[in-house]
Each structure stands twice: as structure tokens, then as C-alpha cells.
file coords.cif (mmCIF, C-alpha atoms and all ligand atoms)
data_protein
loop_
_atom_site.label_atom_id
_atom_site.label_comp_id
_atom_site.auth_asym_id
_atom_site.auth_seq_id
_atom_site.Cartn_x
_atom_site.Cartn_y
_atom_site.Cartn_z
CA MET A 234 84.66 74.66 103.83
CA GLU A 235 87.74 75.57 105.76
CA ASN A 236 90.34 75.44 103.02
CA VAL A 237 88.22 77.09 100.41
CA TYR A 238 88.86 80.75 99.65
CA ASP A 239 85.99 83.03 98.77
CA VAL A 240 88.14 84.62 96.08
CA VAL A 241 91.40 83.60 94.49
CA VAL A 242 92.92 86.33 92.33
CA VAL A 243 95.41 85.12 89.73
CA GLY A 244 97.89 87.92 89.09
CA SER A 245 99.18 90.75 91.20
CA GLY A 246 99.44 93.78 88.98
CA PRO A 247 97.19 96.79 89.61
CA ALA A 248 94.05 94.84 88.56
CA GLY A 249 94.80 91.86 90.81
CA LEU A 250 95.88 93.95 93.80
CA THR A 251 92.79 96.14 93.56
CA ALA A 252 90.57 93.06 93.30
CA GLY A 253 92.36 91.77 96.43
CA LEU A 254 91.85 95.08 98.22
CA TYR A 255 88.11 95.18 97.52
CA ALA A 256 87.64 91.50 98.34
CA GLY A 257 89.63 91.79 101.58
CA ARG A 258 87.78 94.92 102.58
CA ALA A 259 84.50 93.04 102.01
CA ARG A 260 85.82 90.53 104.59
CA MET A 261 86.06 87.73 102.03
CA LYS A 262 88.72 85.09 102.53
CA THR A 263 91.02 86.19 99.74
CA LEU A 264 94.21 84.93 98.16
CA VAL A 265 96.28 86.81 95.58
CA LEU A 266 98.56 84.55 93.60
CA GLU A 267 101.65 86.07 92.03
CA LYS A 268 103.96 84.36 89.60
CA GLU A 269 107.26 86.02 90.45
CA LYS A 270 106.79 89.26 92.31
CA ALA A 271 103.95 91.73 92.66
CA GLY A 272 103.50 94.49 90.17
CA GLY A 273 102.94 93.29 86.64
CA GLN A 274 104.06 95.53 83.78
CA ILE A 275 104.21 98.75 85.77
CA VAL A 276 107.14 97.73 87.94
CA THR A 277 109.26 98.47 84.89
CA THR A 278 107.70 101.92 84.47
CA GLU A 279 109.97 104.65 85.69
CA GLU A 280 107.33 107.31 86.17
CA ILE A 281 103.54 107.10 86.29
CA GLU A 282 102.17 110.58 85.86
CA ASN A 283 98.75 109.62 84.53
CA TYR A 284 97.40 107.72 87.53
CA PRO A 285 95.27 110.14 89.55
CA GLY A 286 97.01 111.17 92.74
CA SER A 287 100.33 109.67 91.70
CA VAL A 288 102.33 112.83 92.30
CA LYS A 289 104.77 112.18 95.11
CA ASP A 290 107.22 109.40 94.23
CA PRO A 291 105.23 108.44 91.14
CA THR A 292 107.29 105.41 90.07
CA GLY A 293 105.80 102.02 89.16
CA PRO A 294 107.56 100.13 92.00
CA SER A 295 106.50 102.71 94.59
CA LEU A 296 102.85 102.63 93.48
CA ILE A 297 102.85 98.83 93.64
CA ALA A 298 104.51 98.83 97.08
CA ARG A 299 101.72 101.07 98.39
CA MET A 300 99.07 98.85 96.79
CA VAL A 301 100.61 95.74 98.38
CA GLU A 302 100.71 97.40 101.82
CA GLN A 303 97.06 98.39 101.48
CA VAL A 304 96.01 94.87 100.38
CA GLU A 305 97.87 93.27 103.28
CA SER A 306 96.25 95.66 105.76
CA PHE A 307 92.93 93.95 104.95
CA GLY A 308 94.23 90.48 105.76
CA VAL A 309 94.59 89.29 102.16
CA GLU A 310 96.97 86.36 101.73
CA ARG A 311 99.64 86.59 99.05
CA VAL A 312 101.37 83.51 97.70
CA THR A 313 104.04 83.17 95.03
CA ASP A 314 103.26 80.21 92.83
CA THR A 315 102.92 79.39 89.15
CA ILE A 316 99.53 77.91 88.30
CA ASN A 317 99.76 75.17 85.68
CA ASP A 318 96.19 73.91 85.52
CA VAL A 319 92.71 75.07 86.47
CA GLU A 320 89.32 73.42 86.94
CA LEU A 321 86.72 76.16 86.71
CA GLU A 322 83.47 74.45 85.75
CA GLY A 323 82.42 73.20 89.21
CA LYS A 324 80.94 75.23 92.04
CA ILE A 325 84.32 75.01 93.78
CA LYS A 326 87.12 76.08 91.44
CA VAL A 327 90.52 74.39 91.70
CA LEU A 328 93.84 75.98 90.75
CA LYS A 329 96.85 73.68 90.60
CA GLY A 330 100.20 75.31 91.16
CA GLU A 331 103.80 74.15 91.35
CA ASN A 332 103.73 74.52 95.14
CA GLY A 333 100.14 73.63 95.99
CA GLU A 334 96.50 73.42 95.11
CA TYR A 335 94.07 76.27 95.81
CA LYS A 336 90.28 75.99 96.06
CA ALA A 337 87.91 78.91 95.65
CA LYS A 338 84.27 79.84 95.36
CA SER A 339 85.20 82.46 92.77
CA VAL A 340 88.24 83.28 90.66
CA ILE A 341 89.40 86.60 89.28
CA VAL A 342 91.80 86.31 86.36
CA ALA A 343 94.14 89.30 86.30
CA THR A 344 97.11 87.84 84.48
CA GLY A 345 97.78 90.84 82.27
CA ALA A 346 99.39 91.13 78.86
CA LYS A 347 102.95 91.58 77.80
CA PRO A 348 104.19 93.68 74.93
CA ARG A 349 105.97 91.61 72.33
CA LEU A 350 109.68 92.35 72.56
CA LEU A 351 112.07 93.05 69.71
CA GLY A 352 114.56 90.60 71.15
CA ALA A 353 117.44 92.95 70.29
CA PRO A 354 120.51 93.22 72.53
CA GLY A 355 120.23 96.22 74.86
CA GLU A 356 116.43 96.34 74.68
CA LYS A 357 115.74 94.85 78.11
CA GLU A 358 118.52 96.79 79.88
CA LEU A 359 117.25 100.11 78.50
CA THR A 360 113.52 99.53 79.06
CA GLY A 361 112.22 102.53 81.00
CA LYS A 362 115.43 104.36 80.06
CA GLY A 363 114.44 105.35 76.53
CA VAL A 364 112.86 102.10 75.40
CA SER A 365 109.11 102.11 75.98
CA TYR A 366 106.07 100.07 75.02
CA CYS A 367 103.46 102.66 75.93
CA ALA A 368 103.02 106.09 74.33
CA THR A 369 100.24 107.11 76.73
CA CYS A 370 102.56 106.35 79.65
CA ASP A 371 105.84 107.80 78.39
CA GLY A 372 105.13 110.06 75.39
CA ALA A 373 105.16 113.25 77.43
CA PHE A 374 108.72 112.57 78.61
CA PHE A 375 109.89 113.06 75.02
CA GLU A 376 108.62 116.61 74.60
CA ASP A 377 110.80 118.10 71.83
CA PHE A 378 113.00 114.98 71.50
CA GLU A 379 113.25 112.61 68.57
CA VAL A 380 111.47 109.28 68.84
CA TYR A 381 111.40 106.11 66.77
CA SER A 382 108.31 103.89 66.64
CA ILE A 383 108.89 100.29 65.73
CA GLY A 384 106.08 98.39 63.92
CA GLY A 385 103.62 98.91 61.11
CA GLY A 386 100.24 97.94 62.58
CA ASP A 387 97.38 100.09 63.87
CA THR A 388 99.04 100.52 67.25
CA ALA A 389 102.39 101.66 65.85
CA VAL A 390 100.81 104.22 63.53
CA GLU A 391 98.16 105.48 65.95
CA GLU A 392 100.66 105.79 68.78
CA SER A 393 103.08 107.59 66.44
CA LEU A 394 100.38 110.14 65.70
CA PHE A 395 99.95 110.57 69.45
CA LEU A 396 103.73 110.86 69.97
CA SER A 397 103.93 113.54 67.26
CA LYS A 398 102.12 115.86 69.69
CA PHE A 399 105.17 115.80 71.94
CA ALA A 400 108.19 114.78 69.93
CA ARG A 401 110.17 117.01 67.59
CA LYS A 402 110.16 114.21 65.04
CA VAL A 403 108.74 110.67 64.92
CA THR A 404 110.24 108.04 62.64
CA ILE A 405 108.30 104.84 62.06
CA VAL A 406 110.65 101.91 61.47
CA HIS A 407 108.87 99.04 59.75
CA ARG A 408 110.21 95.69 58.65
CA ARG A 409 108.38 95.76 55.29
CA ASP A 410 107.78 98.43 52.64
CA GLU A 411 104.10 98.93 53.40
CA LEU A 412 102.15 99.43 56.59
CA ARG A 413 99.69 96.91 57.97
CA ALA A 414 97.62 99.65 59.65
CA ALA A 415 94.17 100.65 58.36
CA LYS A 416 94.36 102.98 55.36
CA SER A 417 92.59 105.81 57.17
CA ILE A 418 95.22 105.75 59.94
CA GLN A 419 98.03 105.47 57.38
CA GLU A 420 96.75 108.58 55.59
CA LYS A 421 96.92 110.61 58.78
CA ALA A 422 100.53 109.53 59.31
CA PHE A 423 101.56 110.23 55.70
CA ASN A 424 100.02 113.70 55.99
CA ASN A 425 101.74 114.48 59.28
CA ASP A 426 104.84 116.65 58.70
CA LYS A 427 106.47 115.40 61.89
CA ILE A 428 106.26 111.72 60.88
CA ASP A 429 108.91 110.08 58.72
CA PHE A 430 109.47 106.43 57.74
CA ILE A 431 112.32 103.96 57.50
CA TRP A 432 111.22 100.92 55.47
CA ASN A 433 112.39 97.30 55.29
CA SER A 434 114.34 97.68 58.50
CA GLU A 435 114.58 95.97 61.85
CA VAL A 436 116.29 96.91 65.08
CA LYS A 437 119.47 94.93 65.49
CA GLU A 438 120.75 96.53 68.69
CA VAL A 439 119.85 99.23 71.19
CA LYS A 440 122.88 101.08 72.54
CA GLY A 441 123.43 103.21 75.61
CA ASP A 442 124.95 103.40 79.05
CA GLY A 443 122.01 103.79 81.47
CA ILE A 444 119.98 105.64 78.80
CA VAL A 445 119.34 105.10 75.09
CA GLU A 446 122.11 106.75 73.09
CA GLY A 447 121.90 104.89 69.80
CA MET A 448 120.33 102.11 67.78
CA VAL A 449 121.57 99.86 64.99
CA LEU A 450 119.10 99.19 62.16
CA ARG A 451 119.50 96.46 59.58
CA ASN A 452 117.96 96.76 56.14
CA ARG A 453 116.29 93.43 55.42
CA GLU A 454 116.65 93.80 51.63
CA THR A 455 120.29 94.84 51.40
CA GLY A 456 121.62 93.61 54.77
CA GLU A 457 123.13 97.06 55.28
CA GLU A 458 123.48 98.20 58.89
CA THR A 459 123.02 101.83 59.94
CA GLU A 460 123.70 103.30 63.36
CA ILE A 461 121.39 106.05 64.54
CA LYS A 462 122.98 108.23 67.20
CA ALA A 463 121.29 110.61 69.59
CA ASP A 464 121.50 114.28 68.73
CA GLU A 465 124.44 115.65 70.76
CA GLU A 466 122.38 118.28 72.55
CA ASP A 467 119.56 115.84 73.37
CA GLY A 468 121.87 113.02 74.47
CA THR A 469 119.06 110.50 73.98
CA PHE A 470 115.96 109.62 71.95
CA GLY A 471 112.92 107.43 72.46
CA ILE A 472 112.38 103.97 71.04
CA PHE A 473 108.71 102.99 71.21
CA VAL A 474 108.11 99.35 70.40
CA PHE A 475 104.63 98.52 69.03
CA ILE A 476 104.90 95.09 67.49
CA GLY A 477 101.89 93.55 69.21
CA TYR A 478 100.91 92.33 72.67
CA ILE A 479 100.64 88.87 74.12
CA PRO A 480 97.84 88.33 76.66
CA GLN A 481 98.95 86.04 79.47
CA THR A 482 96.00 83.69 79.11
CA GLU A 483 97.58 80.46 77.85
CA LEU A 484 96.53 78.72 81.09
CA PHE A 485 92.87 79.42 80.38
CA LYS A 486 92.77 78.16 76.77
CA GLY A 487 89.89 75.70 76.48
CA LYS A 488 88.74 76.60 80.03
CA ILE A 489 87.14 80.01 79.44
CA THR A 490 86.22 81.71 76.18
CA LEU A 491 89.07 83.73 74.66
CA ASP A 492 88.89 85.91 71.55
CA GLU A 493 90.96 85.16 68.45
CA ARG A 494 93.93 87.04 69.91
CA GLY A 495 93.76 85.33 73.30
CA TYR A 496 92.06 88.13 75.29
CA ILE A 497 89.16 87.29 77.64
CA PRO A 498 85.76 88.73 76.68
CA THR A 499 83.70 89.87 79.68
CA ASP A 500 80.52 91.81 80.24
CA ASP A 501 80.49 95.21 81.99
CA ASN A 502 80.61 93.36 85.34
CA MET A 503 83.85 91.55 84.39
CA LYS A 504 82.03 88.21 84.14
CA THR A 505 83.51 85.63 81.80
CA ASN A 506 81.43 82.87 80.21
CA ILE A 507 82.00 80.68 83.30
CA ASP A 508 79.92 81.28 86.43
CA GLY A 509 82.03 82.56 89.30
CA VAL A 510 84.99 83.41 87.06
CA PHE A 511 85.78 87.06 86.41
CA ALA A 512 88.55 88.80 84.49
CA ALA A 513 90.16 92.17 85.15
CA GLY A 514 92.88 94.32 83.62
CA ASP A 515 94.96 93.94 80.49
CA CYS A 516 94.07 90.27 79.87
CA ARG A 517 90.52 91.35 79.12
CA VAL A 518 89.05 92.57 75.81
CA LYS A 519 88.98 96.36 76.26
CA SER A 520 89.86 99.62 74.54
CA LEU A 521 92.36 101.19 76.96
CA ARG A 522 94.98 99.21 78.86
CA GLN A 523 96.19 101.48 81.66
CA VAL A 524 96.68 101.31 85.44
CA VAL A 525 93.57 103.38 85.98
CA THR A 526 91.37 101.05 83.92
CA ALA A 527 92.98 97.94 85.46
CA THR A 528 92.24 99.09 89.01
CA ALA A 529 88.66 99.92 88.02
CA ASP A 530 88.23 96.42 86.56
CA GLY A 531 89.65 94.87 89.74
CA ALA A 532 87.21 96.77 91.94
CA ILE A 533 84.23 95.75 89.81
CA ALA A 534 85.33 92.10 89.59
CA ALA A 535 85.71 91.77 93.38
CA THR A 536 82.38 93.44 94.06
CA GLN A 537 80.70 91.12 91.58
CA ALA A 538 82.45 88.09 93.08
CA GLU A 539 80.99 89.05 96.45
CA LYS A 540 77.49 89.23 94.94
CA TYR A 541 78.02 85.91 93.17
CA ILE A 542 79.03 84.22 96.44
CA GLU A 543 76.08 85.74 98.31
CA HIS A 544 73.70 84.31 95.71
CA ASN A 545 75.28 80.91 95.34
CA PHE A 546 76.72 79.97 98.72
CA SER A 547 74.45 81.40 101.41
CA GLU A 548 72.89 78.62 103.52
P1 LIG B 601 99.63 93.91 64.85
O1 LIG B 601 98.47 94.31 64.02
O2 LIG B 601 99.88 92.48 65.10
O3 LIG B 601 100.89 94.59 64.15
C1 LIG B 601 102.16 94.35 64.63
C2 LIG B 601 103.13 95.08 63.72
O4 LIG B 601 104.44 94.83 64.23
C3 LIG B 601 103.11 94.59 62.28
O5 LIG B 601 103.29 95.68 61.41
C4 LIG B 601 104.29 93.63 62.23
O6 LIG B 601 104.95 93.60 60.98
C5 LIG B 601 105.23 94.22 63.23
N1 LIG B 601 106.06 93.21 63.88
C6 LIG B 601 105.66 92.06 64.49
N2 LIG B 601 106.71 91.42 65.02
C7 LIG B 601 107.80 92.16 64.72
C8 LIG B 601 109.18 92.05 65.00
N3 LIG B 601 109.65 91.01 65.69
N4 LIG B 601 110.01 93.03 64.57
C9 LIG B 601 109.52 94.09 63.88
N5 LIG B 601 108.23 94.27 63.59
C10 LIG B 601 107.38 93.31 64.00
O7 LIG B 601 99.59 94.57 66.32
P2 LIG B 601 98.95 95.95 66.80
O8 LIG B 601 99.28 97.06 65.86
O9 LIG B 601 99.32 96.09 68.23
O10 LIG B 601 97.41 95.68 66.70
C11 LIG B 601 96.85 94.56 67.39
C12 LIG B 601 95.37 94.47 67.04
O11 LIG B 601 94.68 95.58 67.62
C13 LIG B 601 95.10 94.51 65.55
O12 LIG B 601 94.03 93.67 65.26
C14 LIG B 601 94.72 95.94 65.32
O13 LIG B 601 93.88 96.10 64.20
C15 LIG B 601 94.00 96.28 66.62
N6 LIG B 601 94.08 97.72 66.89
C16 LIG B 601 93.11 98.50 66.38
C17 LIG B 601 93.16 99.85 66.58
C18 LIG B 601 92.06 100.69 66.00
O14 LIG B 601 91.21 100.14 65.33
N7 LIG B 601 92.05 101.97 66.21
C19 LIG B 601 94.21 100.43 67.29
C20 LIG B 601 95.21 99.62 67.80
C21 LIG B 601 95.14 98.25 67.57
P3 LIG B 601 104.25 92.96 59.68
O15 LIG B 601 103.25 93.96 59.22
O16 LIG B 601 105.38 92.79 58.74
O17 LIG B 601 103.65 91.67 60.12
#

call {"tool": "encode", "arguments": {"input": "coords.cif", "output": "C-alpha cells", "more": "lines below"}}
Ligand code: NAP
result
Amino acid sequence: MENVYDVVVVGSGPAGLTAGLYAGRARMKTLVLEKEKAGGQIVTTEEIENYPGSVKDPTGPSLIARMVEQVESFGVERVTDTINDVELEGKIKVLKGENGEYKAKSVIVATGAKPRLLGAPGEKELTGKGVSYCATCDGAFFEDFEVYSIGGGDTAVEESLFLSKFARKVTIVHRRDELRAAKSIQEKAFNNDKIDFIWNSEVKEVKGDGIVEGMVLRNRETGEETEIKADEEDGTFGIFVFIGYIPQTELFKGKITLDERGYIPTDDNMKTNIDGVFAAGDCRVKSLRQVVTATADGAIAATQAEKYIEHNFSE
């Protein structure tokens, strides 16, 4: 089976690269497929201070560059291609891309999830420069600053409670006049002196030159626009966007079981409902989506893929 990989990993964020590292180190013929460039969400993260050992040059791009170098040192192939179709039921799995077809004895899905964006002008340019989608990642950078949390669901309110440990003041900006979050979480926020609310409002624009300096809100009832400017001494404030996530699993709809939100359920060994298909990282149903949990998933998935191949392909 010359052109059949032992493992094809779809996705090259921390979960995919770690799966590649473990598979390559186990001397399995391994391919890591990446859609655009390696890295996933963390290449837009300015500083990663919560990944163990990430002390010197702790930026997202630098961590990914080191992961890529390590993966390549074990002979793992990396190909840039967009997969449009998959056949996963058979013993040999087939992945059909724009540039070619890839066959594998096992597949590890590590396609990640993307935060839903506001779609406001300035948002993309200032991501990692005041605009964030992750309180666990970036909250500590706003020690004693003001921050605004956008959204009214469980994530927005829970993460605002977390941010209130660092920030001088947290203002939740919600597009309606009542929160969607569970009542128990709401109560905690209403009882927190540091948390304030702006109702019926959406972000119309994020302003700043290299760093967030202001934000224009539009009241959805009155149409009135208000510009919030950074405190002069602070020079900036945080905008944390929590309006939901989108798992990148569209390709696998109808091919492997997904939950109602599109995430992939697995067991503790990262196995999906299809034999020989594993999932790792943010695309999976899990409670904490972080680099450290993604890399752990990747390691487990690759180790399990090796066991699966041993059991099912040894002559
Ligand atoms: P979510 O429940 O879908 O809430 C998204 C929030 O963002 C909603 O308040 C929504 O407003 C708002 N929103 C959506 N699009 C927007 C836009 N374009 N502009 C402004 N606001 C927008 O997402 P989530 O809070 O991330 O939670 C996802 C799931 O995880 C939920 O099922 C949640 O229960 C669960 N979760 C549970 C916990 C927990 O149990 N501890 C913690 C976190 C998450 P509307 O309300 O007007 O629709």
C-alpha cells in the first residue's frame, strides 16, 4: 500500500501538529494537511503566557514555528490543500482535496473552531491589539484597564466574571435588553460591582491606530450612535467578543456524528463514531478550548491511531 498514509491529520493548529509529531515519532507514514498556513487560531495571538514553558518569545507565531520545526524533524509531510470531500467508512479512508486525493489507514480531524466575528470595521485589524476572543488567553493583559465584553450568552457573562478579576471595570454590551445566559450566571454578574451593562447595543466600528483606542456603539432601538474613547491615561481598553463559536466541521456533516452545535463527540481516547477516525482540539466536544488541551488531544489521538493500525492492519 505504497500511497496510503498511516495517518492523515486534517488541520495544522496545535492539535494537528502535536498529532503529527506523535505519529511521526512513532515512525508512522504521516501527512498533515493545512488549509492556508500552519497555526490555527493561535497565530493571531500576540502572547501566550499560559502554555507551560512558553516564556521566551511566547507569541503564537513563534510557538507554531517551533512546533512545525519539531514535526518536520520526524519526517512528517505537510501539504497545503483544501479538502472538499471525505470517504471515511471503508478500511482505507479517502480525502479529496482541490490539489489531490489522499488515502489513509486512519484520520485525525483537528480542524478547530473559529470565534464568530462581529463583522465591524476595524475588528480584524485590531485583533490581538485590544480585540480578543479569549479571556483565559488575554484577560491578564488588562490588569486595571477597562474592558468591554460583547454578547449576552453564558460565555459572555462567565468570561466577564473572569475578566472582572483583572480589569478595573467590565461593561457587557448586549444587543437585546435581557441576557441569554443562565439565571444563576446572570445573578453573579448583576451582583458584581465591577460589572456594568449597555443594553440594546451593537458594535458599529472599532477604532485605533495599531491598538484599540475607541469603539462606536449603535443603539438598536433609537439608532443613536455613541463613541466610547479610551481613558487618556490608559490609552486603550479591551474588547472581548463572545458571540459564539463556529466549529470547522462542515466537511464532516453526515460523515461522522456531530452534536447539535457541530462539534465532534469523542470518547476519552479521541475516537469518533467511525472506526479509525479520531478528533482532537477545538473541533471536539470539550470543556476547555486551549493550546494545552489541544496538544494533549493530539498526542492521545495519534497514540490511539497507532494502536488502531496495529490491530487492524498487521499481516
Ligand atoms: P450563545 O449562547 O450562542 O450566545 C451568543 C450571544 O451572542 C447571544 O447573547 C447573542 O445574542 C449574541 N450574539 C450573537 N451574534 C451576535 C452579533 N452578531 N452581534 C452581537 N451579539 C451577537 O454562545 P455562547 O455564550 O458562546 O454559548 C455557546 C453554548 O455553550 C451555549 O449552549 C451555552 O449554554 C454553552 N456554554 C455553557 C456554559 C456553562 O454552562 N457554564 C459556559 C459557556 C458556554 P442574542 O441573545 O440576542 O441571540

call {"tool": "closest_residue", "arguments": {"input": "coords.cif", "among": "A:Tyr478, A:Tyr335, A:Tyr496, A:Phe423", "to": "Ser393 (chain A)", "atoms": "all atoms listed in the file"}}
result
A:Phe423

call {"tool": "closest_residue", "arguments": {"input": "coords.cif", "among": "A:Asp508, A:Ser520, A:Met503, A:Phe470", "to": "His544 (chain A)", "atoms": "only C-alpha atoms"}}
result
A:Asp508

call {"tool": "residues_near_point", "arguments": {"input": "coords.cif", "point": "(98.8, 86.5, 96.3)", "cutoff": "8 Å", "atoms": "all atoms listed in the file", "output": "VMD selection string"}}
result
chain A and resid 242 to 245 264 to 267 309 to 313

call {"tool": "residues_near_ligand", "arguments": {"input": "coords.cif", "ligand": "ligand LIG 601 (chain B)", "cutoff": "9 Å", "atoms": "only C-alpha atoms and all ligand atoms", "output": "number ranges by chain"}}
result
A: 348-352, 383-392, 406-415, 418, 434-436, 474-478, 494, 520

call {"tool": "atom_distance", "arguments": {"input": "coords.cif", "atom1": "CA of Arg258 (chain A)", "atom2": "CA of Phe511 (chain A)"}}
result
18.1 Å

call {"tool": "residues_around", "arguments": {"input": "coords.cif", "residues": "region 524-529 of chain A", "least_positions_apart": "3", "cutoff": "8 Å", "atoms": "only C-alpha atoms", "output": "tab-separated table (two decimals) with C-alpha atoms, in the frame of the given file"}}
result
chain	number	residue	atom	x	y	z
A	247	PRO	CA	97.19	96.79	89.61
A	248	ALA	CA	94.05	94.84	88.56
A	249	GLY	CA	94.80	91.86	90.81
A	250	LEU	CA	95.88	93.95	93.80
A	251	THR	CA	92.79	96.14	93.56
A	252	ALA	CA	90.57	93.06	93.30
A	275	ILE	CA	104.21	98.75	85.77
A	284	TYR	CA	97.40	107.72	87.53
A	285	PRO	CA	95.27	110.14	89.55
A	513	ALA	CA	90.16	92.17	85.15
A	514	GLY	CA	92.88	94.32	83.62
A	515	ASP	CA	94.96	93.94	80.49
A	521	LEU	CA	92.36	101.19	76.96
A	532	ALA	CA	87.21	96.77	91.94
A	533	ILE	CA	84.23	95.75	89.81

call {"tool": "atom_distance", "arguments": {"input": "coords.cif", "atom1": "CA of Lys488 (chain A)", "atom2": "CA of Lys324 (chain A)"}}
result
14.4 Å

call {"tool": "closest_residue", "arguments": {"input": "coords.cif", "among": "A:Leu396, A:Ala534, A:Cys516, A:Ile472", "to": "Asp501 (chain A)", "atoms": "all atoms listed in the file"}}
result
A:Ala534

call {"tool": "closest_residue", "arguments": {"input": "coords.cif", "among": "A:Ile281, A:Ala463, A:Ile316, A:Ala256", "to": "Ala373 (chain A)", "atoms": "all atoms listed in the file"}}
result
A:Ile281

call {"tool": "closest_residue", "arguments": {"input": "coords.cif", "among": "A:Ile297, A:Phe399, A:Asp318, A:Glu543", "to": "Ala368 (chain A)", "atoms": "only C-alpha atoms"}}
result
A:Phe399

call {"tool": "closest_atom_pairs", "arguments": {"input": "coords.cif", "of": "region 292-410 of chain A", "to": "region 479-485 of chain A", "cutoff": "12 Å", "atoms": "all atoms listed in the file", "output": "JSON lines"}}
result
{"residue": "A:Thr315", "atom": "CA", "partner": "A:Leu484", "partner_atom": "CA", "distance": 10.3}
{"residue": "A:Ile316", "atom": "CA", "partner": "A:Leu484", "partner_atom": "CA", "distance": 7.9}
{"residue": "A:Asn317", "atom": "CA", "partner": "A:Leu484", "partner_atom": "CA", "distance": 6.6}
{"residue": "A:Asp318", "atom": "CA", "partner": "A:Leu484", "partner_atom": "CA", "distance": 6.5}
{"residue": "A:Val319", "atom": "CA", "partner": "A:Phe485", "partner_atom": "CA", "distance": 7.5}
{"residue": "A:Glu320", "atom": "CA", "partner": "A:Phe485", "partner_atom": "CA", "distance": 9.6}
{"residue": "A:Leu321", "atom": "CA", "partner": "A:Phe485", "partner_atom": "CA", "distance": 9.4}
{"residue": "A:Glu322", "atom": "CA", "partner": "A:Phe485", "partner_atom": "CA", "distance": 11.9}
{"residue": "A:Leu328", "atom": "CA", "partner": "A:Leu484", "partner_atom": "CA", "distance": 10.4}
{"residue": "A:Lys329", "atom": "CA", "partner": "A:Leu484", "partner_atom": "CA", "distance": 10.8}
{"residue": "A:Gly330", "atom": "CA", "partner": "A:Leu484", "partner_atom": "CA", "distance": 11.2}
{"residue": "A:Val340", "atom": "CA", "partner": "A:Phe485", "partner_atom": "CA", "distance": 11.9}
{"residue": "A:Ile341", "atom": "CA", "partner": "A:Phe485", "partner_atom": "CA", "distance": 12.0}
{"residue": "A:Val342", "atom": "CA", "partner": "A:Thr482", "partner_atom": "CA", "distance": 8.8}
{"residue": "A:Ala343", "atom": "CA", "partner": "A:Gln481", "partner_atom": "CA", "distance": 9.0}
{"residue": "A:Thr344", "atom": "CA", "partner": "A:Gln481", "partner_atom": "CA", "distance": 5.6}
{"residue": "A:Gly345", "atom": "CA", "partner": "A:Gln481", "partner_atom": "CA", "distance": 5.7}
{"residue": "A:Ala346", "atom": "CA", "partner": "A:Pro480", "partner_atom": "CA", "distance": 3.9}
{"residue": "A:Lys347", "atom": "CA", "partner": "A:Ile479", "partner_atom": "CA", "distance": 5.1}
{"residue": "A:Pro348", "atom": "CA", "partner": "A:Ile479", "partner_atom": "CA", "distance": 6.0}
{"residue": "A:Arg349", "atom": "CA", "partner": "A:Ile479", "partner_atom": "CA", "distance": 6.3}
{"residue": "A:Leu350", "atom": "CA", "partner": "A:Ile479", "partner_atom": "CA", "distance": 9.8}

call {"tool": "write_last_selection", "arguments": {"input": "coords.cif", "atoms": "C-alpha atoms", "output": "PDB file, in the coordinates of the input"}}
result
ATOM      1  CA  THR A 315     102.920  79.390  89.150  1.00  0.00           C
ATOM      2  CA  ILE A 316      99.530  77.910  88.300  1.00  0.00           C
ATOM      3  CA  ASN A 317      99.760  75.170  85.680  1.00  0.00           C
ATOM      4  CA  ASP A 318      96.190  73.910  85.520  1.00  0.00           C
ATOM      5  CA  VAL A 319      92.710  75.070  86.470  1.00  0.00           C
ATOM      6  CA  GLU A 320      89.320  73.420  86.940  1.00  0.00           C
ATOM      7  CA  LEU A 321      86.720  76.160  86.710  1.00  0.00           C
ATOM      8  CA  GLU A 322      83.470  74.450  85.750  1.00  0.00           C
ATOM      9  CA  LEU A 328      93.840  75.980  90.750  1.00  0.00           C
ATOM     10  CA  LYS A 329      96.850  73.680  90.600  1.00  0.00           C
ATOM     11  CA  GLY A 330     100.200  75.310  91.160  1.00  0.00           C
ATOM     12  CA  VAL A 340      88.240  83.280  90.660  1.00  0.00           C
ATOM     13  CA  ILE A 341      89.400  86.600  89.280  1.00  0.00           C
ATOM     14  CA  VAL A 342      91.800  86.310  86.360  1.00  0.00           C
ATOM     15  CA  ALA A 343      94.140  89.300  86.300  1.00  0.00           C
ATOM     16  CA  THR A 344      97.110  87.840  84.480  1.00  0.00           C
ATOM     17  CA  GLY A 345      97.780  90.840  82.270  1.00  0.00           C
ATOM     18  CA  ALA A 346      99.390  91.130  78.860  1.00  0.00           C
ATOM     19  CA  LYS A 347     102.950  91.580  77.800  1.00  0.00           C
ATOM     20  CA  PRO A 348     104.190  93.680  74.930  1.00  0.00           C
ATOM     21  CA  ARG A 349     105.970  91.610  72.330  1.00  0.00           C
ATOM     22  CA  LEU A 350     109.680  92.350  72.560  1.00  0.00           C
TER      23      LEU A 350
END

call {"tool": "atom_distance", "arguments": {"input": "coords.cif", "atom1": "CA of Gly272 (chain A)", "atom2": "CA of Val304 (chain A)"}}
result
12.7 Å

call {"tool": "axis_aligned_box", "arguments": {"input": "coords.cif", "around": "region 371-389 of chain A", "padding_each_side": "4 Å", "output": "JSON"}}
result
{"center_x": 105.3, "center_y": 108.0, "center_z": 69.9, "size_x": 23.9, "size_y": 28.2, "size_z": 25.5}

call {"tool": "closest_residue", "arguments": {"input": "coords.cif", "among": "A:Val403, A:Val240, A:Ala271, A:Val380", "to": "Gln537 (chain A)", "atoms": "only C-alpha atoms"}}
result
A:Val240

call {"tool": "residues_around", "arguments": {"input": "coords.cif", "residues": "Thr469 (chain A)", "least_positions_apart": "6", "cutoff": "10 Å", "atoms": "only C-alpha atoms", "output": "ChimeraX atom specification"}}
result
/A:362-363,375,378-380,441,444-447,462-463

call {"tool": "residues_around", "arguments": {"input": "coords.cif", "residues": "Pro498 (chain A)", "least_positions_apart": "3", "cutoff": "9 Å", "atoms": "all atoms listed in the file", "output": "number ranges by chain"}}
result
A: 490-492, 503-506, 512, 517-519
